[in-house]
>>> print(open('query-v3.txt').read())   # compact mmCIF, C-alpha atoms
# COMPACT_ATOMS: atom_id res chain seq x y z
CA MET A 1 93.46 -57.19 26.18
CA VAL A 2 92.38 -56.83 22.61
CA VAL A 3 94.13 -55.53 19.52
CA GLY A 4 92.51 -52.64 17.70
CA LYS A 5 93.31 -49.84 15.29
CA VAL A 6 93.14 -46.21 16.29
CA VAL A 7 90.63 -44.66 13.89
CA GLY A 8 90.10 -41.24 15.39
CA SER A 9 89.66 -39.18 18.49
CA LEU A 10 86.86 -37.38 20.29
CA PHE A 11 86.50 -34.09 22.07
CA SER A 12 84.33 -33.56 25.07
CA THR A 13 84.33 -30.14 26.65
CA ARG A 14 81.69 -30.86 29.28
CA LYS A 15 83.05 -33.88 31.11
CA SER A 16 83.98 -35.26 34.51
CA GLU A 17 86.71 -33.07 35.96
CA LYS A 18 88.72 -36.22 36.57
CA LEU A 19 88.96 -36.69 32.83
CA VAL A 20 90.41 -33.25 32.13
CA GLY A 21 93.68 -33.50 30.23
CA ASN A 22 93.01 -36.91 28.76
CA LYS A 23 92.76 -37.79 25.11
CA PHE A 24 89.83 -39.91 24.01
CA MET A 25 90.86 -42.21 21.20
CA ILE A 26 88.43 -44.23 19.11
CA VAL A 27 89.74 -47.75 18.66
CA GLU A 28 88.22 -50.28 16.30
CA THR A 29 88.80 -53.78 17.58
CA GLU A 30 90.16 -56.29 15.10
CA GLU A 31 87.56 -58.51 13.48
CA SER A 32 89.22 -61.68 14.84
CA MET A 33 89.36 -60.31 18.37
CA CYS A 34 86.79 -60.25 21.15
CA GLY A 35 84.94 -57.09 20.20
CA SER A 36 84.57 -58.24 16.59
CA GLY A 37 85.25 -55.01 14.78
CA LYS A 38 83.18 -52.81 17.05
CA ARG A 39 84.57 -49.55 18.42
CA LEU A 40 85.29 -48.27 21.89
CA VAL A 41 86.69 -45.07 23.32
CA ALA A 42 89.93 -45.45 25.24
CA ILE A 43 92.20 -43.18 27.20
CA ASP A 44 95.69 -43.11 25.71
CA ILE A 45 98.63 -43.28 28.10
CA ILE A 46 101.19 -44.20 25.44
CA GLY A 47 100.85 -41.62 22.69
CA ALA A 48 99.30 -43.64 19.89
CA GLY A 49 98.42 -42.06 16.57
CA VAL A 50 95.59 -42.61 14.14
CA GLY A 51 96.26 -45.71 12.06
CA GLU A 52 98.39 -47.47 14.65
CA TYR A 53 97.49 -50.87 16.05
CA VAL A 54 97.27 -50.89 19.82
CA LEU A 55 96.63 -53.07 22.84
CA VAL A 56 93.57 -51.99 24.81
CA ALA A 57 92.96 -53.03 28.43
CA GLN A 58 89.39 -52.85 29.71
CA GLY A 59 87.63 -52.71 33.04
CA SER A 60 89.31 -51.83 36.32
CA ALA A 61 92.71 -52.49 34.72
CA ALA A 62 92.30 -49.29 32.69
CA ARG A 63 91.81 -47.27 35.84
CA ILE A 64 94.15 -48.89 38.30
CA GLY A 65 96.88 -49.97 35.92
CA CYS A 66 97.12 -46.49 34.45
CA ASP A 67 97.47 -44.54 37.70
CA MET A 68 94.02 -43.04 37.29
CA GLN A 69 92.40 -44.80 40.22
CA ASP A 70 89.83 -42.10 40.68
CA ALA A 71 88.85 -41.49 37.09
CA PRO A 72 85.72 -42.87 35.40
CA ILE A 73 87.50 -44.76 32.62
CA ASP A 74 86.97 -48.35 31.56
CA ALA A 75 89.35 -48.68 28.62
CA ALA A 76 92.95 -47.60 28.01
CA ILE A 77 95.55 -47.96 25.29
CA VAL A 78 98.43 -49.64 27.11
CA GLY A 79 100.74 -50.56 24.25
CA ILE A 80 101.42 -49.96 20.57
CA ILE A 81 101.90 -53.13 18.54
CA ASP A 82 105.24 -53.31 16.76
CA GLU A 83 104.82 -53.15 13.00
CA GLY A 84 105.30 -56.18 10.78
CA GLN A 85 103.52 -58.69 12.96
CA ASP A 86 100.61 -60.72 11.68
CA TRP A 87 98.14 -61.55 14.44
CA SER A 88 95.34 -62.46 12.10
CA LYS A 89 96.74 -65.84 11.07
CA MET B 1 83.91 -46.08 27.15
CA VAL B 2 81.30 -46.10 24.45
CA VAL B 3 79.49 -43.33 22.63
CA GLY B 4 75.73 -43.31 22.83
CA LYS B 5 72.75 -41.00 22.42
CA VAL B 6 70.53 -40.07 25.34
CA VAL B 7 67.06 -41.19 24.29
CA GLY B 8 65.09 -40.75 27.50
CA SER B 9 65.03 -41.11 31.24
CA LEU B 10 63.44 -43.39 33.81
CA PHE B 11 61.79 -42.91 37.16
CA SER B 12 62.03 -45.39 39.97
CA THR B 13 60.35 -44.48 43.23
CA ARG B 14 61.13 -47.71 45.02
CA LYS B 15 64.89 -48.06 44.76
CA SER B 16 68.10 -48.50 46.74
CA GLU B 17 68.42 -45.57 49.11
CA LYS B 18 71.93 -45.05 47.77
CA LEU B 19 70.40 -44.14 44.43
CA VAL B 20 68.13 -41.41 45.79
CA GLY B 21 68.72 -38.12 44.00
CA ASN B 22 70.19 -39.63 40.88
CA LYS B 23 68.81 -39.34 37.39
CA PHE B 24 68.52 -42.50 35.34
CA MET B 25 69.18 -41.77 31.69
CA ILE B 26 68.51 -44.22 28.88
CA VAL B 27 71.43 -44.25 26.47
CA GLU B 28 71.40 -45.99 23.12
CA THR B 29 74.90 -47.05 22.16
CA GLU B 30 76.01 -46.16 18.67
CA GLU B 31 75.67 -48.96 16.11
CA SER B 32 79.42 -48.93 15.39
CA MET B 33 80.35 -49.11 19.06
CA CYS B 34 80.64 -52.05 21.43
CA GLY B 35 77.03 -52.35 22.50
CA SER B 36 75.82 -52.27 18.89
CA GLY B 37 72.80 -50.06 19.23
CA LYS B 38 71.50 -51.62 22.40
CA ARG B 39 70.41 -49.49 25.35
CA LEU B 40 71.58 -49.18 28.92
CA VAL B 41 70.59 -47.07 31.89
CA ALA B 42 73.29 -44.73 33.18
CA ILE B 43 73.63 -42.29 36.04
CA ASP B 44 74.31 -38.79 34.76
CA ILE B 45 76.95 -36.76 36.56
CA ILE B 46 77.34 -34.18 33.79
CA GLY B 47 73.86 -32.90 33.03
CA ALA B 48 73.20 -34.39 29.61
CA GLY B 49 69.92 -33.83 27.80
CA VAL B 50 67.83 -36.04 25.57
CA GLY B 51 69.31 -36.09 22.08
CA GLU B 52 72.87 -35.41 23.15
CA TYR B 53 75.72 -37.79 22.37
CA VAL B 54 77.59 -38.87 25.46
CA LEU B 55 80.50 -40.94 26.71
CA VAL B 56 79.42 -43.76 29.00
CA ALA B 57 81.82 -45.52 31.39
CA GLN B 58 80.81 -48.94 32.62
CA GLY B 59 81.69 -51.26 35.46
CA SER B 60 83.48 -50.20 38.63
CA ALA B 61 84.60 -47.00 36.86
CA ALA B 62 81.02 -45.72 37.05
CA ARG B 63 80.97 -46.16 40.79
CA ILE B 64 84.45 -45.20 41.82
CA GLY B 65 85.17 -42.60 39.19
CA CYS B 66 81.97 -40.75 39.96
CA ASP B 67 82.40 -40.46 43.73
CA MET B 68 79.59 -42.93 44.35
CA GLN B 69 81.74 -45.71 45.77
CA ASP B 70 78.87 -47.14 47.77
CA ALA B 71 76.11 -46.97 45.16
CA PRO B 72 74.90 -49.90 43.07
CA ILE B 73 75.59 -48.38 39.67
CA ASP B 74 77.45 -49.92 36.76
CA ALA B 75 77.17 -47.21 34.11
CA ALA B 76 77.62 -43.44 34.14
CA ILE B 77 77.58 -40.60 31.65
CA VAL B 78 81.02 -39.04 32.12
CA GLY B 79 81.18 -36.64 29.20
CA ILE B 80 79.12 -34.96 26.50
CA ILE B 81 80.58 -35.23 23.01
CA ASP B 82 81.22 -31.87 21.37
CA GLU B 83 78.95 -31.33 18.39
CA GLY B 84 80.20 -31.49 14.84
CA GLN B 85 82.43 -34.53 15.23
CA ASP B 86 81.97 -37.61 13.10
CA TRP B 87 82.95 -40.75 14.96
CA SER B 88 81.17 -43.10 12.59
CA LYS B 89 83.70 -42.85 9.76
CA MET C 1 72.14 -50.83 34.53
CA VAL C 2 69.61 -52.56 32.34
CA VAL C 3 65.85 -52.75 32.48
CA GLY C 4 64.30 -56.19 32.75
CA LYS C 5 61.12 -57.93 33.80
CA VAL C 6 61.00 -60.26 36.77
CA VAL C 7 59.78 -63.57 35.35
CA GLY C 8 60.28 -65.90 38.29
CA SER C 9 62.50 -66.96 41.13
CA LEU C 10 64.82 -69.82 41.96
CA PHE C 11 65.51 -71.90 45.02
CA SER C 12 68.91 -73.24 45.89
CA THR C 13 69.21 -75.18 49.12
CA ARG C 14 72.87 -76.09 48.74
CA LYS C 15 74.61 -72.76 48.26
CA SER C 16 77.37 -70.49 49.54
CA GLU C 17 76.59 -69.68 53.17
CA LYS C 18 77.03 -66.01 52.28
CA LEU C 19 73.95 -66.28 50.11
CA VAL C 20 71.66 -67.63 52.83
CA GLY C 21 68.58 -65.47 53.23
CA ASN C 22 68.68 -63.99 49.77
CA LYS C 23 66.04 -64.32 47.11
CA PHE C 24 67.17 -65.27 43.62
CA MET C 25 64.99 -63.56 41.04
CA ILE C 26 65.04 -64.41 37.35
CA VAL C 27 65.06 -61.24 35.29
CA GLU C 28 64.55 -61.14 31.56
CA THR C 29 66.33 -58.15 30.07
CA GLU C 30 64.33 -56.02 27.71
CA GLU C 31 64.89 -56.76 24.02
CA SER C 32 66.12 -53.19 23.36
CA MET C 33 68.60 -53.27 26.23
CA CYS C 34 72.12 -54.64 26.48
CA GLY C 35 71.34 -58.26 27.27
CA SER C 36 68.85 -58.47 24.39
CA GLY C 37 66.10 -60.47 26.00
CA LYS C 38 68.35 -62.96 27.74
CA ARG C 39 67.87 -63.82 31.40
CA LEU C 40 70.01 -63.47 34.47
CA VAL C 41 69.61 -64.28 38.13
CA ALA C 42 69.73 -61.29 40.47
CA ILE C 43 69.59 -60.75 44.20
CA ASP C 44 66.63 -58.56 45.14
CA ILE C 45 67.23 -55.85 47.74
CA ILE C 46 64.05 -53.92 46.93
CA GLY C 47 61.20 -56.43 47.11
CA ALA C 48 60.22 -56.76 43.46
CA GLY C 49 57.45 -59.09 42.38
CA VAL C 50 57.00 -61.27 39.33
CA GLY C 51 55.82 -59.15 36.41
CA GLU C 52 57.45 -55.93 37.59
CA TYR C 53 60.01 -54.06 35.53
CA VAL C 54 63.24 -53.48 37.40
CA LEU C 55 66.66 -51.90 37.17
CA VAL C 56 69.47 -54.44 37.46
CA ALA C 57 73.04 -53.47 38.36
CA GLN C 58 75.77 -55.91 37.43
CA GLY C 59 79.35 -56.62 38.41
CA SER C 60 80.99 -55.35 41.57
CA ALA C 61 78.20 -52.77 41.94
CA ALA C 62 75.80 -55.57 42.89
CA ARG C 63 78.08 -56.65 45.69
CA ILE C 64 79.41 -53.40 47.02
CA GLY C 65 76.43 -51.17 46.36
CA CYS C 66 74.10 -53.57 48.12
CA ASP C 67 76.07 -53.93 51.35
CA MET C 68 76.98 -57.50 50.51
CA GLN C 69 80.70 -56.94 50.03
CA ASP C 70 81.55 -60.50 50.91
CA ALA C 71 78.87 -62.32 48.95
CA PRO C 72 79.42 -64.02 45.58
CA ILE C 73 76.81 -62.06 43.65
CA ASP C 74 77.21 -60.28 40.34
CA ALA C 75 73.70 -58.92 39.73
CA ALA C 76 71.15 -57.15 41.90
CA ILE C 77 67.74 -55.55 41.49
CA VAL C 78 68.34 -52.00 42.68
CA GLY C 79 65.10 -50.30 41.66
CA ILE C 80 61.56 -50.92 40.46
CA ILE C 81 60.56 -48.89 37.41
CA ASP C 82 57.52 -46.71 37.97
CA GLU C 83 54.57 -47.86 35.89
CA GLY C 84 53.38 -45.97 32.86
CA GLN C 85 56.76 -45.16 31.39
CA ASP C 86 57.72 -46.19 27.89
CA TRP C 87 61.43 -46.89 27.58
CA SER C 88 61.14 -48.79 24.32
CA LYS C 89 60.60 -45.74 22.13
CA MET D 1 87.59 -68.80 32.97
CA VAL D 2 87.53 -69.92 29.37
CA VAL D 3 89.52 -72.49 27.46
CA GLY D 4 91.47 -71.31 24.45
CA LYS D 5 94.40 -72.25 22.25
CA VAL D 6 97.57 -70.21 22.13
CA VAL D 7 97.94 -69.19 18.52
CA GLY D 8 100.78 -66.69 18.66
CA SER D 9 102.37 -63.84 20.51
CA LEU D 10 102.73 -60.10 20.09
CA PHE D 11 105.51 -57.61 20.62
CA SER D 12 104.96 -54.09 21.82
CA THR D 13 108.02 -51.94 22.32
CA ARG D 14 106.16 -48.76 23.27
CA LYS D 15 103.98 -49.81 26.18
CA SER D 16 103.07 -49.07 29.78
CA GLU D 17 106.20 -49.44 31.89
CA LYS D 18 104.19 -51.72 34.15
CA LEU D 19 103.98 -54.20 31.32
CA VAL D 20 107.73 -54.42 30.72
CA GLY D 21 108.96 -58.00 30.93
CA ASN D 22 105.63 -59.58 30.16
CA LYS D 23 104.82 -61.81 27.24
CA PHE D 24 101.65 -61.07 25.28
CA MET D 25 100.10 -64.29 24.06
CA ILE D 26 97.26 -64.42 21.53
CA VAL D 27 94.67 -66.93 22.66
CA GLU D 28 91.79 -68.10 20.51
CA THR D 29 88.85 -69.07 22.68
CA GLU D 30 87.24 -72.41 21.92
CA GLU D 31 84.14 -72.23 19.74
CA SER D 32 81.97 -73.83 22.48
CA MET D 33 83.18 -71.40 25.13
CA CYS D 34 82.06 -67.91 26.03
CA GLY D 35 84.13 -65.93 23.57
CA SER D 36 83.03 -68.16 20.67
CA GLY D 37 86.26 -68.51 18.79
CA LYS D 38 87.30 -64.90 19.07
CA ARG D 39 90.82 -63.94 20.17
CA LEU D 40 92.21 -62.00 23.08
CA VAL D 41 95.66 -61.04 24.26
CA ALA D 42 96.67 -62.47 27.63
CA ILE D 43 99.66 -62.18 29.90
CA ASP D 44 101.25 -65.58 30.49
CA ILE D 45 102.32 -66.40 34.03
CA ILE D 46 102.65 -70.16 33.41
CA GLY D 47 104.90 -70.54 30.38
CA ALA D 48 102.47 -71.74 27.72
CA GLY D 49 103.61 -72.43 24.19
CA VAL D 50 101.92 -71.94 20.84
CA GLY D 51 99.48 -74.77 20.19
CA GLU D 52 98.75 -75.48 23.85
CA TYR D 53 95.26 -75.25 25.30
CA VAL D 54 95.06 -72.93 28.28
CA LEU D 55 92.75 -71.53 30.92
CA VAL D 56 92.35 -67.77 30.69
CA ALA D 57 91.08 -65.63 33.57
CA GLN D 58 89.66 -62.21 32.71
CA GLY D 59 88.94 -58.98 34.49
CA SER D 60 90.39 -58.00 37.85
CA ALA D 61 91.31 -61.66 38.47
CA ALA D 62 94.05 -61.34 35.87
CA ARG D 63 95.59 -58.44 37.72
CA ILE D 64 95.10 -59.36 41.34
CA GLY D 65 95.37 -63.11 41.07
CA CYS D 66 98.63 -62.85 39.17
CA ASP D 67 100.46 -60.55 41.58
CA MET D 68 100.33 -57.69 39.11
CA GLN D 69 97.98 -55.48 41.07
CA ASP D 70 99.30 -52.33 39.47
CA ALA D 71 99.49 -53.46 35.86
CA PRO D 72 96.95 -52.63 33.17
CA ILE D 73 96.07 -56.19 32.25
CA ASP D 74 92.62 -57.73 31.92
CA ALA D 75 93.44 -61.29 30.84
CA ALA D 76 95.98 -63.88 31.97
CA ILE D 77 96.84 -67.48 31.19
CA VAL D 78 96.52 -69.15 34.59
CA GLY D 79 96.75 -72.83 33.66
CA ILE D 80 97.66 -75.22 30.86
CA ILE D 81 95.05 -77.88 30.18
CA ASP D 82 96.38 -81.43 30.51
CA GLU D 83 96.43 -83.23 27.17
CA GLY D 84 93.97 -85.94 26.29
CA GLN D 85 90.87 -84.30 27.74
CA ASP D 86 87.82 -83.64 25.62
CA TRP D 87 85.94 -80.55 26.79
CA SER D 88 83.96 -80.15 23.61
CA LYS D 89 81.53 -83.04 24.29
CA MET E 1 74.42 -64.87 38.12
CA VAL E 2 73.45 -67.28 35.39
CA VAL E 3 72.04 -70.78 35.46
CA GLY E 4 74.03 -73.50 33.75
CA LYS E 5 74.49 -77.25 33.70
CA VAL E 6 77.71 -78.90 34.80
CA VAL E 7 78.87 -80.87 31.77
CA GLY E 8 82.33 -81.96 32.81
CA SER E 9 85.57 -81.02 34.51
CA LEU E 10 89.09 -80.16 33.49
CA PHE E 11 92.52 -80.99 34.81
CA SER E 12 95.43 -78.62 34.69
CA THR E 13 98.68 -79.81 36.21
CA ARG E 14 100.73 -76.74 35.29
CA LYS E 15 98.77 -73.84 36.77
CA SER E 16 98.98 -70.83 39.06
CA GLU E 17 99.93 -72.08 42.53
CA LYS E 18 96.97 -70.13 43.86
CA LEU E 19 94.70 -72.51 41.99
CA VAL E 20 96.13 -75.69 43.52
CA GLY E 21 93.43 -77.77 45.16
CA ASN E 22 90.58 -76.33 43.15
CA LYS E 23 88.29 -78.23 40.83
CA PHE E 24 87.63 -76.76 37.40
CA MET E 25 84.09 -77.50 36.33
CA ILE E 26 82.81 -76.91 32.80
CA VAL E 27 79.40 -75.26 32.94
CA GLU E 28 77.15 -74.81 29.94
CA THR E 29 74.96 -71.77 30.39
CA GLU E 30 71.27 -72.24 29.72
CA GLU E 31 70.13 -71.16 26.26
CA SER E 32 67.69 -68.60 27.73
CA MET E 33 70.33 -67.06 29.98
CA CYS E 34 72.98 -64.44 29.32
CA GLY E 35 75.73 -66.65 27.93
CA SER E 36 73.29 -68.32 25.49
CA GLY E 37 74.42 -71.89 25.72
CA LYS E 38 78.13 -71.17 25.67
CA ARG E 39 80.48 -72.77 28.19
CA LEU E 40 82.77 -71.43 30.87
CA VAL E 41 85.10 -72.92 33.42
CA ALA E 42 84.17 -72.25 37.05
CA ILE E 43 85.68 -73.04 40.41
CA ASP E 44 83.27 -75.13 42.50
CA ILE E 45 82.91 -74.18 46.16
CA ILE E 46 79.68 -76.16 46.68
CA GLY E 47 80.38 -79.68 45.47
CA ALA E 48 78.31 -79.85 42.30
CA GLY E 49 78.27 -82.95 40.15
CA VAL E 50 78.06 -83.46 36.41
CA GLY E 51 74.46 -83.08 35.25
CA GLU E 52 73.43 -80.70 38.02
CA TYR E 53 72.08 -77.22 37.35
CA VAL E 54 74.03 -74.53 39.13
CA LEU E 55 74.23 -70.82 39.78
CA VAL E 56 77.45 -69.28 38.50
CA ALA E 57 78.77 -65.92 39.71
CA GLN E 58 81.24 -64.12 37.48
CA GLY E 59 83.82 -61.39 37.82
CA SER E 60 85.25 -60.17 41.11
CA ALA E 61 82.34 -61.84 42.93
CA ALA E 62 83.86 -65.23 42.16
CA ARG E 63 87.11 -64.23 43.81
CA ILE E 64 85.98 -62.13 46.74
CA GLY E 65 82.71 -63.87 47.53
CA CYS E 66 84.41 -67.24 47.63
CA ASP E 67 87.22 -66.35 50.02
CA MET E 68 89.79 -66.63 47.28
CA GLN E 69 90.74 -62.97 47.13
CA ASP E 70 94.17 -63.71 45.78
CA ALA E 71 93.33 -66.34 43.19
CA PRO E 72 93.04 -65.70 39.45
CA ILE E 73 89.45 -66.88 39.06
CA ASP E 74 86.60 -65.10 37.34
CA ALA E 75 83.76 -67.63 37.70
CA ALA E 76 82.49 -69.79 40.56
CA ILE E 77 79.64 -72.18 41.20
CA VAL E 78 77.91 -70.62 44.21
CA GLY E 79 74.72 -72.67 44.42
CA ILE E 80 73.03 -75.81 43.15
CA ILE E 81 69.50 -75.26 41.84
CA ASP E 82 66.87 -77.34 43.62
CA GLU E 83 65.36 -79.93 41.32
CA GLY E 84 61.86 -79.63 39.93
CA GLN E 85 61.97 -75.93 39.10
CA ASP E 86 61.31 -74.63 35.63
CA TRP E 87 63.26 -71.46 34.90
CA SER E 88 62.82 -71.68 31.15
CA LYS E 89 59.17 -70.56 31.12
>>> encode(input="query-v3.txt", output="structure tokens")
Amino acid sequence: MVVGKVVGSLFSTRKSEKLVGNKFMIVETEESMCGSGKRLVAIDIIGAGVGEYVLVAQGSAARIGCDMQDAPIDAAIVGIIDEGQDWSK
Amino acid sequence: MVVGKVVGSLFSTRKSEKLVGNKFMIVETEESMCGSGKRLVAIDIIGAGVGEYVLVAQGSAARIGCDMQDAPIDAAIVGIIDEGQDWSK
Amino acid sequence: MVVGKVVGSLFSTRKSEKLVGNKFMIVETEESMCGSGKRLVAIDIIGAGVGEYVLVAQGSAARIGCDMQDAPIDAAIVGIIDEGQDWSK
Amino acid sequence: MVVGKVVGSLFSTRKSEKLVGNKFMIVETEESMCGSGKRLVAIDIIGAGVGEYVLVAQGSAARIGCDMQDAPIDAAIVGIIDEGQDWSK
Amino acid sequence: MVVGKVVGSLFSTRKSEKLVGNKFMIVETEESMCGSGKRLVAIDIIGAGVGEYVLVAQGSAARIGCDMQDAPIDAAIVGIIDEGQDWSK
């Protein structure tokens, strides 16, 4: 998983019907993390808000681990990092 | 998923028979996204046009999430981004 | 998928018995594509020749989509790009 | 797999219920390894401590190989490197 | 797959019990290949020695294609390149 910050969300009206009802969050990976500050779009199964730091799982884990076996997703927010931790040291 | 812009399409007459009937779209990932402006070729299950911004799912999600379990695809356009959103901020 | 050019092939006499009978093609990904001009070794299920531009599928798609569910392959040539197309624009 | 050093851990109170009970370790991949010194967050099934060098498996291997088929994880510490070895030569 | 050179091996006494009996080889990917000279740790099912050039399969192919469906591995040496070939041209 990688740590990133939720920086926004996206709307897509025309999309796979298996994605209906999901929120697309834009997550910016931390500079020190694999991903190096680049952004990805993740499904949110936790209820994260803009500005929060989150754990993102990628690949088949996003689909299978999030009970969305049949949905075309490759990234999911699976946890919100507790505040006050410093993972950049 | 990543956000990218559809910049063209490709034709392949000699191809896996499991790919017959599919459209190969060339998507340029956004500079701020994982992918960093590089291009990939994605199957389009939504009906995106050149110039539109789309959500691309990669890996097994493209195959399984798009009801093409048996096809050799690793990227699919799964949504078209609604206009007027700014995901580059 | 990514577009690449077949630049050669490889022989491996001592290999997994599940790979016996397969051709290992060296594909150089296009500079504009994810992969950025780097090379990979792909199984060829289409019959591509050196110098041809091909579509390469990676990950589980190479295995499952090419009816080689049990083989240790992670990349396959799944289509030959028709000549006369310009995907670099 | 890649070799990395455990540099810390993370707490996440609000997370997928399938992740409850797991420890999130921050692993910094070795500079010479794929990953190039960047960090990732891995589940630890071995009991590694901060400062130890570990083997990290990524992708579906982390989920399936660690008996967590249903959990949204994409990286796991699967071994602790014996001391006194020099893998940077 | 990518071509790399076996540059060493690693020992891990404390590891997943599903990895017991496996050899961990350090493979340096070729500079021209995806991987760009970085190293990874691969299971060896062929019997490669230090200094040999090998084909490495990554992802689920390493697990499923190598009859280690339940093991947490994401890379495997699946072939040894015959000598006298020049894949860098």
>>> closest_residue(input="query-v3.txt", among="E:Cys34, E:Ile43, E:Phe24, E:Gln69", to="Ser12 of chain E", atoms="all atoms listed in the file")
E:Phe24
>>> calpha_fit_and_write(input="query-v3.txt", fixed="chain E", moving="chain B", output="JSON list (two decimals) with C-alpha atoms, in the frame of the given file")
[["chain", "number", "residue", "atom", "x", "y", "z"],
["B", 1, "MET", "CA", 74.41, -64.87, 38.10],
["B", 2, "VAL", "CA", 73.45, -67.28, 35.39],
["B", 3, "VAL", "CA", 72.04, -70.78, 35.47],
["B", 4, "GLY", "CA", 74.03, -73.48, 33.76],
["B", 5, "LYS", "CA", 74.48, -77.25, 33.70],
["B", 6, "VAL", "CA", 77.71, -78.89, 34.80],
["B", 7, "VAL", "CA", 78.85, -80.88, 31.78],
["B", 8, "GLY", "CA", 82.33, -81.96, 32.82],
["B", 9, "SER", "CA", 85.55, -81.02, 34.51],
["B", 10, "LEU", "CA", 89.10, -80.16, 33.51],
["B", 11, "PHE", "CA", 92.53, -81.00, 34.81],
["B", 12, "SER", "CA", 95.44, -78.63, 34.69],
["B", 13, "THR", "CA", 98.69, -79.80, 36.22],
["B", 14, "ARG", "CA", 100.71, -76.75, 35.30],
["B", 15, "LYS", "CA", 98.77, -73.85, 36.75],
["B", 16, "SER", "CA", 98.96, -70.83, 39.06],
["B", 17, "GLU", "CA", 99.93, -72.06, 42.50],
["B", 18, "LYS", "CA", 96.96, -70.13, 43.87],
["B", 19, "LEU", "CA", 94.69, -72.50, 41.99],
["B", 20, "VAL", "CA", 96.14, -75.68, 43.50],
["B", 21, "GLY", "CA", 93.43, -77.77, 45.13],
["B", 22, "ASN", "CA", 90.57, -76.33, 43.15],
["B", 23, "LYS", "CA", 88.28, -78.22, 40.84],
["B", 24, "PHE", "CA", 87.63, -76.76, 37.41],
["B", 25, "MET", "CA", 84.09, -77.48, 36.32],
["B", 26, "ILE", "CA", 82.80, -76.91, 32.80],
["B", 27, "VAL", "CA", 79.40, -75.26, 32.93],
["B", 28, "GLU", "CA", 77.14, -74.80, 29.94],
["B", 29, "THR", "CA", 74.95, -71.75, 30.40],
["B", 30, "GLU", "CA", 71.27, -72.23, 29.72],
["B", 31, "GLU", "CA", 70.13, -71.14, 26.25],
["B", 32, "SER", "CA", 67.70, -68.58, 27.72],
["B", 33, "MET", "CA", 70.33, -67.06, 29.99],
["B", 34, "CYS", "CA", 72.98, -64.44, 29.33],
["B", 35, "GLY", "CA", 75.71, -66.65, 27.93],
["B", 36, "SER", "CA", 73.29, -68.30, 25.49],
["B", 37, "GLY", "CA", 74.41, -71.87, 25.73],
["B", 38, "LYS", "CA", 78.11, -71.16, 25.69],
["B", 39, "ARG", "CA", 80.47, -72.76, 28.20],
["B", 40, "LEU", "CA", 82.75, -71.41, 30.87],
["B", 41, "VAL", "CA", 85.08, -72.93, 33.42],
["B", 42, "ALA", "CA", 84.17, -72.26, 37.05],
["B", 43, "ILE", "CA", 85.66, -73.05, 40.42],
["B", 44, "ASP", "CA", 83.28, -75.12, 42.51],
["B", 45, "ILE", "CA", 82.90, -74.19, 46.16],
["B", 46, "ILE", "CA", 79.68, -76.16, 46.68],
["B", 47, "GLY", "CA", 80.38, -79.67, 45.47],
["B", 48, "ALA", "CA", 78.31, -79.85, 42.31],
["B", 49, "GLY", "CA", 78.25, -82.96, 40.14],
["B", 50, "VAL", "CA", 78.06, -83.46, 36.41],
["B", 51, "GLY", "CA", 74.47, -83.05, 35.25],
["B", 52, "GLU", "CA", 73.43, -80.70, 38.03],
["B", 53, "TYR", "CA", 72.08, -77.22, 37.35],
["B", 54, "VAL", "CA", 74.03, -74.54, 39.14],
["B", 55, "LEU", "CA", 74.23, -70.82, 39.78],
["B", 56, "VAL", "CA", 77.45, -69.28, 38.50],
["B", 57, "ALA", "CA", 78.76, -65.91, 39.71],
["B", 58, "GLN", "CA", 81.25, -64.14, 37.49],
["B", 59, "GLY", "CA", 83.83, -61.41, 37.81],
["B", 60, "SER", "CA", 85.27, -60.18, 41.09],
["B", 61, "ALA", "CA", 82.35, -61.83, 42.93],
["B", 62, "ALA", "CA", 83.88, -65.23, 42.17],
["B", 63, "ARG", "CA", 87.12, -64.23, 43.82],
["B", 64, "ILE", "CA", 86.00, -62.14, 46.72],
["B", 65, "GLY", "CA", 82.74, -63.85, 47.49],
["B", 66, "CYS", "CA", 84.40, -67.24, 47.63],
["B", 67, "ASP", "CA", 87.22, -66.37, 50.03],
["B", 68, "MET", "CA", 89.81, -66.65, 47.27],
["B", 69, "GLN", "CA", 90.73, -62.98, 47.13],
["B", 70, "ASP", "CA", 94.18, -63.72, 45.80],
["B", 71, "ALA", "CA", 93.32, -66.35, 43.19],
["B", 72, "PRO", "CA", 93.02, -65.71, 39.46],
["B", 73, "ILE", "CA", 89.45, -66.89, 39.06],
["B", 74, "ASP", "CA", 86.58, -65.11, 37.36],
["B", 75, "ALA", "CA", 83.75, -67.62, 37.71],
["B", 76, "ALA", "CA", 82.48, -69.78, 40.56],
["B", 77, "ILE", "CA", 79.63, -72.17, 41.20],
["B", 78, "VAL", "CA", 77.90, -70.62, 44.21],
["B", 79, "GLY", "CA", 74.73, -72.66, 44.42],
["B", 80, "ILE", "CA", 73.02, -75.80, 43.15],
["B", 81, "ILE", "CA", 69.51, -75.26, 41.84],
["B", 82, "ASP", "CA", 66.88, -77.34, 43.62],
["B", 83, "GLU", "CA", 65.37, -79.93, 41.31],
["B", 84, "GLY", "CA", 61.88, -79.63, 39.94],
["B", 85, "GLN", "CA", 61.98, -75.93, 39.11],
["B", 86, "ASP", "CA", 61.33, -74.66, 35.62],
["B", 87, "TRP", "CA", 63.29, -71.50, 34.90],
["B", 88, "SER", "CA", 62.87, -71.72, 31.15],
["B", 89, "LYS", "CA", 59.23, -70.61, 31.06]]
>>> atom_distance(input="query-v3.txt", atom1="atom CA of Ala57 of chain C", atom2="atom CA of Lys18 of chain C")
19.2 Å
